[in-house]
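Source file: start.cif (mmCIF, C-alpha atoms)
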data_query
#
loop_
_atom_site.label_atom_id
_atom_site.label_comp_id
_atom_site.auth_asym_id
_atom_site.auth_seq_id
_atom_site.Cartn_x
_atom_site.Cartn_y
_atom_site.Cartn_z
CA MET V 1 -14.92 -44.17 12.14
CA ARG V 2 -12.53 -41.62 13.59
CA LEU V 3 -13.47 -39.24 16.38
CA ILE V 4 -13.75 -35.52 15.83
CA GLU V 5 -10.44 -34.04 16.90
CA ASP V 6 -10.41 -31.32 19.52
CA SER V 7 -8.77 -29.01 17.00
CA TYR V 8 -11.88 -29.15 14.80
CA LYS V 9 -14.13 -28.32 17.75
CA ARG V 10 -11.97 -25.33 18.68
CA ILE V 11 -12.11 -23.70 15.28
CA PHE V 12 -15.82 -24.14 14.51
CA GLY V 13 -17.58 -21.00 15.74
CA ALA V 14 -21.08 -19.60 15.63
CA TYR V 15 -20.66 -17.94 12.22
CA ASP V 16 -17.48 -19.28 10.64
CA ILE V 17 -14.27 -21.29 11.12
CA ARG V 18 -11.20 -19.60 12.61
CA GLY V 19 -7.90 -20.57 14.19
CA VAL V 20 -4.20 -19.86 14.50
CA VAL V 21 -2.40 -21.04 11.37
CA GLY V 22 0.02 -23.86 12.10
CA GLU V 23 -1.62 -24.66 15.43
CA ASP V 24 -5.39 -24.98 14.96
CA LEU V 25 -5.57 -24.57 11.20
CA ASP V 26 -3.42 -25.83 8.33
CA SER V 27 -3.79 -26.92 4.73
CA ALA V 28 -4.69 -30.50 5.63
CA THR V 29 -7.47 -29.31 7.97
CA VAL V 30 -8.89 -26.91 5.41
CA ARG V 31 -8.75 -29.56 2.69
CA THR V 32 -10.79 -31.99 4.81
CA ILE V 33 -13.32 -29.36 5.88
CA ALA V 34 -13.80 -28.15 2.30
CA GLY V 35 -14.58 -31.66 1.09
CA ALA V 36 -17.18 -32.14 3.83
CA TYR V 37 -18.66 -28.71 3.09
CA GLY V 38 -19.04 -29.52 -0.61
CA ASP V 39 -20.79 -32.79 0.17
CA TYR V 40 -23.05 -31.08 2.71
CA VAL V 41 -24.23 -28.47 0.20
CA CYS V 42 -24.43 -30.90 -2.76
CA PRO V 43 -24.71 -34.44 -1.34
CA ASP V 44 -26.03 -36.10 -4.50
CA ARG V 45 -24.36 -34.26 -7.34
CA GLU V 46 -21.33 -32.33 -8.47
CA GLY V 47 -21.56 -28.81 -7.08
CA ARG V 48 -20.24 -25.51 -8.42
CA PHE V 49 -18.22 -23.52 -5.89
CA VAL V 50 -16.26 -20.27 -5.98
CA ILE V 51 -13.28 -19.48 -3.74
CA GLY V 52 -11.67 -16.12 -2.95
CA HIS V 53 -9.13 -15.12 -0.34
CA ASP V 54 -7.92 -12.06 1.54
CA GLY V 55 -4.38 -10.68 1.67
CA ARG V 56 -3.11 -12.55 4.74
CA TRP V 57 0.24 -14.27 4.35
CA SER V 58 -1.37 -17.71 4.80
CA SER V 59 -4.43 -17.21 2.60
CA PRO V 60 -3.18 -18.31 -0.86
CA ALA V 61 -2.08 -21.73 0.43
CA LEU V 62 -5.29 -22.27 2.39
CA ALA V 63 -7.39 -21.26 -0.61
CA GLU V 64 -5.55 -23.84 -2.70
CA ALA V 65 -6.17 -26.45 0.00
CA ALA V 66 -9.90 -25.64 -0.05
CA SER V 67 -9.89 -26.03 -3.82
CA VAL V 68 -8.22 -29.44 -3.59
CA GLY V 69 -10.65 -30.60 -0.92
CA LEU V 70 -13.66 -29.66 -3.04
CA ARG V 71 -12.26 -31.15 -6.24
CA GLU V 72 -11.24 -34.40 -4.51
CA SER V 73 -14.91 -34.74 -3.59
CA GLY V 74 -15.82 -34.40 -7.24
CA HIS V 75 -16.98 -30.79 -7.21
CA ASN V 76 -16.25 -27.97 -9.63
CA VAL V 77 -14.19 -25.01 -8.44
CA THR V 78 -13.74 -21.48 -9.72
CA HIS V 79 -10.93 -19.42 -8.21
CA MET V 80 -11.29 -15.63 -7.78
CA GLY V 81 -7.89 -15.15 -6.16
CA LEU V 82 -7.53 -11.98 -4.08
CA ALA V 83 -10.97 -10.63 -3.24
CA SER V 84 -12.82 -8.98 -0.39
CA THR V 85 -15.28 -11.18 1.46
CA PRO V 86 -18.27 -9.12 0.20
CA MET V 87 -17.13 -9.65 -3.39
CA VAL V 88 -16.92 -13.42 -2.80
CA TYR V 89 -20.43 -13.40 -1.31
CA TRP V 90 -21.83 -11.23 -4.10
CA TYR V 91 -20.27 -13.11 -7.01
CA GLY V 92 -21.25 -16.47 -5.52
CA ALA V 93 -24.88 -15.36 -5.56
CA GLU V 94 -24.77 -13.29 -8.74
CA ALA V 95 -23.26 -16.12 -10.83
CA TYR V 96 -25.56 -18.79 -9.31
CA PHE V 97 -22.88 -20.91 -7.66
CA ASP V 98 -24.00 -23.61 -5.24
CA GLY V 99 -21.74 -22.10 -2.62
CA SER V 100 -18.75 -19.92 -1.87
CA ILE V 101 -15.72 -19.98 0.41
CA ALA V 102 -13.98 -16.82 1.56
CA VAL V 103 -10.59 -17.62 3.10
CA THR V 104 -10.16 -14.95 5.75
CA ALA V 105 -9.95 -14.29 9.47
CA SER V 106 -11.70 -10.95 8.97
CA HIS V 107 -10.52 -8.50 11.67
CA LEU V 108 -8.38 -10.90 13.72
CA PRO V 109 -4.56 -10.56 14.04
CA PRO V 110 -2.36 -11.84 11.18
CA GLU V 111 -1.52 -15.20 12.78
CA TYR V 112 -5.17 -16.22 12.39
CA ASN V 113 -7.06 -17.40 9.34
CA GLY V 114 -10.32 -19.13 8.60
CA LEU V 115 -13.25 -19.87 6.31
CA LYS V 116 -16.56 -18.10 5.75
CA LEU V 117 -18.89 -20.57 4.06
CA CYS V 118 -22.06 -19.83 2.10
CA ARG V 119 -24.51 -21.88 0.12
CA GLU V 120 -26.50 -20.63 -2.88
CA GLY V 121 -27.69 -17.03 -2.85
CA ALA V 122 -24.95 -15.93 -0.40
CA LEU V 123 -26.85 -17.61 2.43
CA PRO V 124 -24.23 -18.08 5.18
CA LEU V 125 -23.68 -21.26 7.13
CA SER V 126 -23.72 -20.97 10.92
CA SER V 127 -23.71 -23.26 13.92
CA ASP V 128 -27.51 -23.50 13.63
CA HIS V 129 -27.51 -23.95 9.86
CA GLY V 130 -24.78 -26.20 8.50
CA LEU V 131 -21.58 -25.81 10.49
CA SER V 132 -22.62 -28.33 13.14
CA ASP V 133 -23.56 -30.78 10.39
CA ILE V 134 -20.20 -30.37 8.68
CA LEU V 135 -18.44 -30.85 12.03
CA ALA V 136 -20.34 -34.11 12.50
CA MET V 137 -19.42 -35.21 8.96
CA LEU V 138 -15.75 -34.97 9.89
CA GLN V 139 -16.19 -38.11 12.01
CA ARG V 140 -16.38 -40.22 8.90
CA GLU V 141 -13.46 -41.51 6.92
CA PRO V 142 -12.87 -39.31 3.84
CA GLN V 143 -14.45 -40.86 0.75
CA HIS V 144 -12.59 -39.21 -2.07
CA LYS V 145 -14.11 -39.48 -5.50
CA GLU V 146 -12.20 -39.07 -8.71
CA CYS V 147 -10.49 -35.70 -8.42
CA ASN V 148 -11.82 -33.03 -10.73
CA GLU V 149 -8.65 -31.74 -12.40
CA LEU V 150 -10.41 -28.74 -13.97
CA LEU V 151 -9.81 -25.51 -12.05
CA GLN V 152 -11.49 -22.45 -13.51
CA GLN V 153 -10.68 -18.81 -12.83
CA ALA V 154 -12.86 -15.73 -12.66
CA LEU V 155 -12.16 -12.00 -12.39
CA PRO V 156 -15.47 -10.46 -11.26
CA LEU V 157 -13.93 -7.18 -10.02
CA PRO V 158 -15.20 -5.09 -13.00
CA LEU V 159 -18.74 -6.44 -12.49
CA TYR V 160 -18.66 -5.74 -8.76
CA VAL V 161 -17.34 -2.21 -9.20
CA ALA V 162 -19.84 -1.51 -12.00
CA LYS V 163 -22.63 -2.49 -9.60
CA MET V 164 -21.26 -0.09 -6.97
CA ARG V 165 -20.89 2.76 -9.45
CA SER V 166 -24.49 2.26 -10.58
CA LEU V 167 -25.56 3.11 -7.02
CA LEU V 168 -23.69 6.43 -6.90
CA ALA V 169 -25.83 9.58 -6.98
CA LEU V 170 -23.45 12.45 -6.24
CA LYS V 171 -25.05 15.91 -6.08
CA LYS V 172 -21.85 17.89 -5.47
CA PRO V 173 -18.11 17.24 -5.22
CA ILE V 174 -16.86 15.64 -2.01
CA ARG V 175 -13.49 14.96 -0.40
CA VAL V 176 -12.95 11.74 1.58
CA ALA V 177 -10.25 9.60 3.16
CA VAL V 178 -10.35 5.82 2.71
CA ASP V 179 -8.15 3.65 4.92
CA ALA V 180 -7.95 0.06 3.69
CA GLY V 181 -5.63 -0.90 6.55
CA ASN V 182 -3.35 -2.87 4.19
CA GLY V 183 -6.27 -5.25 3.64
CA VAL V 184 -7.85 -6.68 0.54
CA GLY V 185 -10.57 -4.00 0.48
CA SER V 186 -8.11 -1.69 -1.25
CA ILE V 187 -8.49 -3.58 -4.54
CA ALA V 188 -12.17 -2.83 -5.14
CA ALA V 189 -11.92 0.59 -3.48
CA GLU V 190 -9.16 1.64 -5.86
CA ALA V 191 -11.15 0.40 -8.86
CA LEU V 192 -14.18 2.37 -7.65
CA LEU V 193 -12.33 5.62 -6.91
CA ARG V 194 -10.00 5.68 -9.91
CA GLY V 195 -11.15 8.43 -12.27
CA LEU V 196 -14.38 8.98 -10.34
CA ASP V 197 -15.75 12.43 -11.16
CA GLY V 198 -16.66 14.59 -8.20
CA VAL V 199 -14.64 12.65 -5.61
CA GLN V 200 -11.21 13.55 -4.24
CA ALA V 201 -9.97 10.57 -2.24
CA TRP V 202 -7.04 10.33 0.15
CA ARG V 203 -5.92 6.69 0.01
CA LEU V 204 -4.42 5.22 3.19
CA GLY V 205 -3.04 1.72 3.63
CA PHE V 206 -3.84 0.72 0.04
CA HIS V 207 -0.79 -1.52 -0.36
CA LEU V 208 -1.44 -5.11 0.70
CA ASP V 209 0.43 -6.35 3.75
CA GLY V 210 -0.47 -9.81 5.01
CA HIS V 211 1.01 -8.94 8.43
CA PHE V 212 -0.99 -5.68 8.90
CA ARG V 213 2.03 -3.70 10.07
CA GLU V 214 0.42 -0.23 9.84
CA ARG V 215 -2.65 -0.80 12.04
CA SER V 216 -4.89 -3.49 13.43
CA PRO V 217 -7.20 -5.13 10.88
CA ASN V 218 -9.98 -4.35 13.38
CA PRO V 219 -10.93 -0.66 12.89
CA LEU V 220 -12.59 -0.61 16.31
CA THR V 221 -9.30 -1.36 18.09
CA GLU V 222 -7.91 1.56 20.08
CA GLY V 223 -5.75 3.71 17.82
CA ALA V 224 -6.84 2.07 14.56
CA LEU V 225 -8.64 5.24 13.40
CA ASN V 226 -5.79 7.62 14.19
CA HIS V 227 -4.45 7.84 10.65
CA VAL V 228 -7.78 8.39 8.92
CA SER V 229 -8.88 10.90 11.61
CA GLU V 230 -5.67 12.90 11.23
CA SER V 231 -6.04 12.97 7.45
CA VAL V 232 -9.64 14.20 7.66
CA ARG V 233 -8.71 16.99 10.08
CA LYS V 234 -5.54 18.04 8.28
CA GLU V 235 -7.07 18.11 4.80
CA LYS V 236 -10.50 19.37 5.95
CA LEU V 237 -12.31 16.45 4.34
CA ASP V 238 -16.04 15.64 4.47
CA PHE V 239 -15.49 12.30 6.22
CA GLY V 240 -13.26 9.23 6.33
CA VAL V 241 -13.76 5.47 6.51
CA ALA V 242 -11.62 2.53 7.64
CA PHE V 243 -12.21 -1.04 6.45
CA ASP V 244 -11.43 -4.17 8.41
CA GLY V 245 -9.13 -6.86 7.04
CA ASP V 246 -11.60 -8.36 4.57
CA ALA V 247 -13.76 -5.23 4.00
CA ASP V 248 -17.09 -6.57 5.18
CA ARG V 249 -16.94 -4.08 8.10
CA VAL V 250 -16.36 -0.36 7.99
CA VAL V 251 -16.07 2.38 10.60
CA ALA V 252 -16.38 6.09 9.73
CA VAL V 253 -15.23 9.41 11.15
CA ASP V 254 -16.99 12.73 10.63
CA GLU V 255 -15.47 15.99 9.35
CA THR V 256 -13.88 16.62 12.77
CA GLY V 257 -12.16 13.22 12.79
CA ALA V 258 -14.44 11.89 15.53
CA MET V 259 -15.71 8.33 15.15
CA ILE V 260 -19.33 8.08 14.03
CA PRO V 261 -21.08 5.51 16.24
CA PRO V 262 -22.01 2.58 13.97
CA ASP V 263 -25.70 2.77 14.88
CA ALA V 264 -25.74 6.50 14.02
CA MET V 265 -24.08 5.81 10.67
CA GLY V 266 -26.53 2.98 10.05
CA GLY V 267 -29.34 5.36 10.94
CA LEU V 268 -28.26 7.86 8.29
CA ILE V 269 -28.20 5.13 5.65
CA ALA V 270 -31.56 3.74 6.81
CA LEU V 271 -33.23 7.14 6.48
CA GLU V 272 -31.75 7.63 3.01
CA MET V 273 -33.07 4.23 1.91
CA LEU V 274 -36.51 4.91 3.37
CA ARG V 275 -36.76 8.00 1.17
CA GLN V 276 -36.47 5.67 -1.80
CA GLU V 277 -38.68 2.89 -0.40
CA PRO V 278 -41.06 4.22 2.28
CA GLY V 279 -42.46 1.74 4.79
CA ALA V 280 -39.67 -0.82 4.36
CA ALA V 281 -38.46 -3.09 7.15
CA ILE V 282 -35.11 -2.01 8.64
CA LEU V 283 -33.24 -4.40 10.95
CA HIS V 284 -30.96 -3.41 13.81
CA ASP V 285 -29.07 -5.55 16.27
CA LEU V 286 -30.35 -5.37 19.83
CA ARG V 287 -27.32 -3.39 21.07
CA ALA V 288 -28.22 -0.30 19.03
CA SER V 289 -29.29 2.88 20.78
CA ARG V 290 -33.02 3.30 21.34
CA ALA V 291 -32.77 6.34 19.05
CA PHE V 292 -32.27 4.09 16.02
CA PRO V 293 -35.72 2.42 16.00
CA GLU V 294 -37.36 5.67 17.07
CA GLU V 295 -35.91 7.59 14.13
CA VAL V 296 -36.66 4.79 11.66
CA LYS V 297 -40.26 4.63 12.84
CA ALA V 298 -40.62 8.43 12.65
CA ALA V 299 -39.40 8.24 9.03
CA GLY V 300 -42.14 5.72 8.19
CA GLY V 301 -39.99 2.62 8.37
CA HIS V 302 -40.59 -0.63 10.21
CA PRO V 303 -37.73 -1.21 12.69
CA VAL V 304 -37.09 -4.84 13.67
CA ARG V 305 -34.76 -5.92 16.47
CA THR V 306 -32.52 -8.91 15.75
CA ARG V 307 -29.74 -11.07 17.17
CA VAL V 308 -26.07 -10.22 16.82
CA GLY V 309 -24.09 -11.96 14.04
CA HIS V 310 -24.07 -11.80 10.25
CA ALA V 311 -25.46 -15.30 9.73
CA PHE V 312 -28.48 -14.58 11.92
CA ILE V 313 -29.09 -11.10 10.49
CA LYS V 314 -28.99 -12.25 6.87
CA ARG V 315 -31.59 -14.93 7.55
CA ALA V 316 -33.73 -12.46 9.49
CA MET V 317 -33.57 -10.01 6.57
CA ARG V 318 -34.90 -12.67 4.24
CA ASP V 319 -37.67 -13.58 6.68
CA GLN V 320 -38.68 -9.93 7.16
CA LYS V 321 -38.06 -8.93 3.52
CA ALA V 322 -35.92 -6.14 4.96
CA LEU V 323 -34.34 -3.41 2.85
CA PHE V 324 -31.35 -2.74 5.10
CA ALA V 325 -29.78 -3.87 8.37
CA MET V 326 -27.07 -2.57 10.66
CA GLU V 327 -24.91 -4.16 13.33
CA LEU V 328 -23.01 -2.28 16.02
CA SER V 329 -19.75 -3.97 15.03
CA GLY V 330 -19.72 -2.05 11.74
CA HIS V 331 -21.55 -4.46 9.43
CA TYR V 332 -24.15 -2.94 7.08
CA TYR V 333 -26.40 -5.21 5.00
CA TYR V 334 -28.17 -4.53 1.70
CA GLU V 335 -31.15 -6.34 0.20
CA ASP V 336 -30.16 -5.39 -3.36
CA LEU V 337 -26.75 -7.05 -2.91
CA HIS V 338 -28.23 -10.44 -1.99
CA TYR V 339 -28.45 -9.32 1.66
CA ILE V 340 -24.68 -9.20 2.07
CA ASP V 341 -22.62 -6.88 4.27
CA SER V 342 -20.35 -4.65 2.22
CA GLY V 343 -17.91 -1.99 3.38
CA LEU V 344 -17.59 -0.63 -0.15
CA ARG V 345 -21.35 -0.25 -0.57
CA THR V 346 -21.43 1.62 2.74
CA LEU V 347 -18.76 3.99 1.44
CA VAL V 348 -20.96 4.61 -1.62
CA GLU V 349 -23.96 5.38 0.59
CA LEU V 350 -21.97 7.81 2.73
CA MET V 351 -20.66 9.59 -0.36
CA ASN V 352 -24.24 9.98 -1.61
CA ILE V 353 -25.38 11.34 1.77
CA ALA V 354 -22.47 13.76 2.15
CA SER V 355 -22.85 15.09 -1.38
CA SER V 356 -26.55 15.88 -0.95
CA ALA V 357 -26.47 17.23 2.63
CA ASP V 358 -26.75 20.93 3.44
CA GLY V 359 -24.54 20.55 6.52
CA PRO V 360 -21.71 18.42 7.87
CA ILE V 361 -22.15 14.79 8.87
CA SER V 362 -21.64 15.65 12.54
CA ARG V 363 -24.91 17.59 12.40
CA LEU V 364 -26.77 14.88 10.48
CA ILE V 365 -26.08 12.22 13.13
CA LYS V 366 -27.21 14.29 16.15
CA PRO V 367 -30.72 12.79 16.34
CA PHE V 368 -29.14 9.35 16.79
CA LEU V 369 -26.95 10.52 19.68
CA ARG V 370 -29.63 11.81 22.05
CA TYR V 371 -29.29 8.85 24.43
CA PRO V 372 -25.94 8.24 26.15
CA THR V 373 -24.68 4.66 25.91
CA SER V 374 -21.89 2.72 27.58
CA GLY V 375 -20.38 1.14 24.51
CA GLU V 376 -19.66 -2.57 24.70
CA ILE V 377 -18.10 -3.65 27.99
CA ASN V 378 -16.39 -7.05 27.87
CA LEU V 379 -16.27 -8.92 31.17
CA GLU V 380 -14.46 -12.13 32.02
CA VAL V 381 -17.07 -14.13 33.94
CA ALA V 382 -16.45 -17.65 35.25
CA ASP V 383 -20.09 -18.76 34.92
CA ARG V 384 -21.91 -16.70 32.30
CA VAL V 385 -25.16 -18.67 32.62
CA LYS V 386 -25.27 -18.05 36.36
CA ALA V 387 -24.50 -14.35 35.87
CA LEU V 388 -27.35 -13.93 33.37
CA SER V 389 -29.75 -15.77 35.66
CA ALA V 390 -28.84 -13.47 38.55
CA LEU V 391 -29.34 -10.38 36.39
CA GLU V 392 -32.74 -11.58 35.24
CA GLY V 393 -33.79 -12.17 38.84
CA LYS V 394 -32.74 -8.71 39.97
CA TYR V 395 -34.30 -6.86 37.02
CA ARG V 396 -37.42 -8.96 36.51
CA SER V 397 -39.60 -5.82 36.83
CA GLY V 398 -38.36 -4.65 33.43
CA GLN V 399 -39.45 -5.82 29.99
CA ILE V 400 -37.39 -8.97 29.42
CA SER V 401 -36.28 -10.50 26.12
CA HIS V 402 -34.10 -13.55 25.44
CA LEU V 403 -33.61 -12.83 21.75
CA ASP V 404 -29.83 -12.83 22.30
CA GLY V 405 -28.63 -13.27 25.86
CA LEU V 406 -30.68 -11.09 28.21
CA SER V 407 -32.23 -7.73 27.30
CA VAL V 408 -34.09 -5.69 29.90
CA ASP V 409 -35.93 -2.46 29.05
CA TYR V 410 -37.22 0.20 31.41
CA ASP V 411 -38.75 3.53 30.43
CA ASP V 412 -35.58 5.50 31.18
CA TRP V 413 -32.78 2.93 30.82
CA TRP V 414 -32.03 -0.47 29.29
CA PHE V 415 -29.30 -3.05 28.91
CA ASN V 416 -28.29 -6.20 27.06
CA ALA V 417 -25.90 -8.84 28.42
CA ARG V 418 -24.94 -11.73 26.20
CA PRO V 419 -22.25 -14.39 26.04
CA SER V 420 -19.84 -13.75 23.19
CA ASN V 421 -20.00 -16.23 20.32
CA THR V 422 -16.27 -15.82 19.62
CA GLU V 423 -14.61 -15.15 23.01
CA PRO V 424 -15.05 -16.44 26.61
CA VAL V 425 -16.55 -13.16 27.85
CA LEU V 426 -19.89 -11.61 28.75
CA ARG V 427 -20.65 -8.54 26.63
CA LEU V 428 -22.63 -5.74 28.31
CA ASN V 429 -24.29 -2.75 26.61
CA ILE V 430 -26.20 -0.11 28.57
CA GLY V 431 -28.25 2.92 27.52
CA ALA V 432 -30.17 5.60 29.42
CA THR V 433 -32.01 8.88 28.94
CA ASN V 434 -29.29 10.89 30.70
CA LYS V 435 -25.61 10.53 31.61
CA ALA V 436 -26.12 10.48 35.38
CA LEU V 437 -28.55 7.59 35.16
CA LEU V 438 -26.26 5.75 32.74
CA GLU V 439 -23.34 6.00 35.15
CA GLU V 440 -25.51 4.90 38.08
CA LYS V 441 -26.75 1.83 36.24
CA ARG V 442 -23.32 1.01 34.86
CA LYS V 443 -21.88 0.82 38.39
CA GLU V 444 -24.92 -1.12 39.59
CA LEU V 445 -24.71 -3.71 36.80
CA LEU V 446 -20.95 -4.18 37.08
CA GLY V 447 -21.31 -4.67 40.82
CA GLN V 448 -24.09 -7.20 40.32
CA ILE V 449 -22.11 -9.18 37.73
CA LYS V 450 -18.93 -9.23 39.82
#

Mind converting the file's structure to structure tokens?
Amino acid sequence: MRLIEDSYKRIFGAYDIRGVVGEDLDSATVRTIAGAYGDYVCPDREGRFVIGHDGRWSSPALAEAASVGLRESGHNVTHMGLASTPMVYWYGAEAYFDGSIAVTASHLPPEYNGLKLCREGALPLSSDHGLSDILAMLQREPQHKECNELLQQALPLPLYVAKMRSLLALKKPIRVAVDAGNGVGSIAAEALLRGLDGVQAWRLGFHLDGHFRERSPNPLTEGALNHVSESVRKEKLDFGVAFDGDADRVVAVDETGAMIPPDAMGGLIALEMLRQEPGAAILHDLRASRAFPEEVKAAGGHPVRTRVGHAFIKRAMRDQKALFAMELSGHYYYEDLHYIDSGLRTLVELMNIASSADGPISRLIKPFLRYPTSGEINLEVADRVKALSALEGKYRSGQISHLDGLSVDYDDWWFNARPSNTEPVLRLNIGATNKALLEEKRKELLGQIK
């Protein structure tokens, strides 16, 4: 029995598998992981799996390696080719596959790649549900069965776009900018927008570039929204959006070109959905402004606080039978899409909202901006456990939660500090009822942590 190599341990994260291609991740690694994944999901029978990949330079080869690994373990594989991660999730669930693999490193730089693994129903694997088991399975010697030589292909793009178009409810013409950032999200976005009555769309970064030369694949990186913001201002558009590299995340700007805070954008969508289904459960990650649950509750919804991370949120949505969920990183989740996060669906919702509103989006989001917040502050901390323990001791008079890291709530201010699941940092988010108090507590917390 061989030991788990350090390289495997490095690339297995809380929600997915990621590494630098050629150093931590290569075709041989992916091939071995895919075989173990197939046997984990379907240990006693031949499984049916679908594979899609993003537009990174390394993705086609790694997708082929995943296919070989699954088929060498006796499983059946259907290739989608180029596809956004949400489309892989959706088609995997919609066509009743036993599981799906999206080959992508999401918003990371082009030298990275990875795997997002799901089982049936687009239920994601995570460190708590499957990834640790697969990592343990890699200790064993590979037991290849007779290779399944059949490799099927599927082109679900028309079905995916038809689903998105069925959700459109435009009341008046709108003008928008869509920045795909040279990522794979351009494929479905173009199919949605082409010939769409009532929508004038300015297309930015719609040509695929596996090296992301025009902007970072992370739309929250400084400067990544410059192009879409300039287009919105210059052309006097209603709003603009920017996808990340695999289009499961999206960030928007209002009619002035200013970024819409993700919790404010999620709030707009939540209120729209509550008009259609009053009383529904709406999930929000614990970093969201206090205004989000207050507005959802005022609209008759049932706000539920949850951990950070798509794998955790999707399971929580199923447990709570939630209609919608938002995450401060720009993920928005939909019950009627098998609980997946979809940048394209979020674009559809924003188009519906803008076309039915009496005023600009900047006015619509004001109720969600009444509390100043710090934004996420990333701190390099030598001992994150010790830092959290010290914070809890100092602020023990507040309402304490350990849902994800440490959350402390007071009547007029609050904070969350949590270890990152993907980087060696402590992430701090602070909110308050006024700017002076926010600044006071920000300095106090940073001093305490240092």

Nearby residues (all atoms listed in the file) at most 10 Å from V:Pro278, same-chain spacing under 5 positions excluded, as a short mmCIF file (atom, residue, chain, number, x, y, z; two decimals) with C-alpha atoms, keeping the file's coordinate frame:
data_model
loop_
_atom_site.label_atom_id
_atom_site.label_comp_id
_atom_site.auth_asym_id
_atom_site.auth_seq_id
_atom_site.Cartn_x
_atom_site.Cartn_y
_atom_site.Cartn_z
CA LEU V 271 -33.23 7.14 6.48
CA GLU V 272 -31.75 7.63 3.01
CA MET V 273 -33.07 4.23 1.91
CA ALA V 299 -39.40 8.24 9.03
CA GLY V 300 -42.14 5.72 8.19
CA GLY V 301 -39.99 2.62 8.37
CA HIS V 302 -40.59 -0.63 10.21
#

Point to revise | Who sits within 12 Å of V:Pro293, only C-alpha atoms, same chain under 4 positions skipped, as JSON, numbers by chain | key: {"V": [263, 264, 266, 267, 270, 271, 281, 282, 283, 284, 285, 286, 287, 288, 289, 297, 298, 299, 300, 301, 302, 303, 304, 305, 306, 325, 326, 367, 368]}

Practice item. Step by step: start from the point (-6.8, -15.5, 14.3) in the file's coordinates, keep every protein, DNA or RNA residue that has an atom no farther than 10 Å from it, count all atoms listed in the file, and write the set as a ChimeraX atom specification. Key: /V:11,17-21,24-25,104-114

Point to revise | 8 Å contact set for stretch 333-348 of chain V, only C-alpha atoms, chain neighbours under 6 positions out, as a VMD selection string | key: chain V and resid 86 89 to 90 93 121 to 122 164 167 to 168 185 188 to 189 241 243 247 to 250 310 314 317 to 318 322 to 326

Exercise for review: Tell me which protein, DNA and RNA residues are within 10 Å of stretch 195-197 of chain V, counting all atoms listed in the file, leaving out same-chain ones fewer than 4 positions away, and put them as a VMD selection string.
Suggested key: chain V and resid 165 170 172 to 174 190 to 191 201

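Excluding V:Gly183 itself and same-chain residues fewer than 5 positions from it, the residues having an atom within 7 Å of it are Gly55, Leu208, Asp209, Gly245 and Asp246 of chain V, counting all atoms listed in the file.
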
**Study point:** One-decimal distance in Å that lies between atom CA of V:Tyr8 and atom CA of V:Ala61
**Key:**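 It comes out at 18.9 Å.
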
Point to revise | Pairwise distance for atom CA of V:Gly398 and atom CA of V:Glu380, rounded to one decimal in Å | key: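 Going from atom CA of V:Gly398 over to atom CA of V:Glu380 covers 25.1 Å.
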
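In this model, the gap between atom CA of V:Asp319 and atom CA of V:Ser401 comes to 19.7 Å.
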
Practice item. Point out the residue among V:Gly240, V:Gly74, V:Gly47, V:Gly52 with the least atom-to-atom distance to V:Tyr96, counting all atoms listed in the file. Key: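 Nearest to V:Tyr96: V:Gly47.
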
Practice item. Name the residues captured by the PyMOL selection byres ((chain V and resi 253) around 8) when it is applied to the shown file; answer as JSON, numbers by chain. Key: {"V": [228, 229, 239, 240, 241, 251, 252, 254, 255, 256, 257, 258, 259, 260]}

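Between V:Glu376 and the residues V:Phe415, V:Phe206, V:Tyr37, V:Tyr410, the shortest atom-to-atom distance, using all atoms listed in the file, involves V:Phe415.
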
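Minimum atom-to-atom distance to V:Thr32, evaluated using all atoms listed in the file, belongs to V:Leu138 out of V:Val88, V:Leu138, V:Ala387, V:Leu438.
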
Exercise for review: Could you tell me which residues the PyMOL selection byres ((chain V and resi 391) around 10) grabs in this file, written as a ChimeraX atom specification?
Suggested key: /V:386-390,392-396,406-408,417,445,448-449

Exercise for review: Just give me the residues with any atom within 12 Å of (-18.3, -17.7, 25.0), file coordinates, counting all atoms listed in the file, written as a list in words.
Suggested key: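 Nearby residues: Arg10, Gly13, Ala14, Asn378, Leu379, Glu380, Val381, Ala382, Asp383, Arg384, Val385, Gly405, Arg418, Pro419, Ser420, Asn421, Thr422, Glu423, Pro424, Val425, Leu426 and Arg427 of chain V.
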
Check your understanding: Looking at V:Asp39, V:Asn148, V:Ser100, V:Cys118, which one is nearest to V:Asn76, with distances taken over all atoms listed in the file?
Key -> V:Asn148

Exercise for review: Evaluate the PyMOL selection byres ((chain V and resi 43) around 12) and record the selected residues as an MDAnalysis selection string, following the chain and residue labels used in the document.
Suggested key: chainID V and resid 35:42 44:47 73:75 98 134 137

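Minimum atom-to-atom distances from V:Ala280, V:Val77, V:Leu220, V:Val232 to V:His331 were compared using only C-alpha atoms, and the lowest value belongs to V:Leu220.
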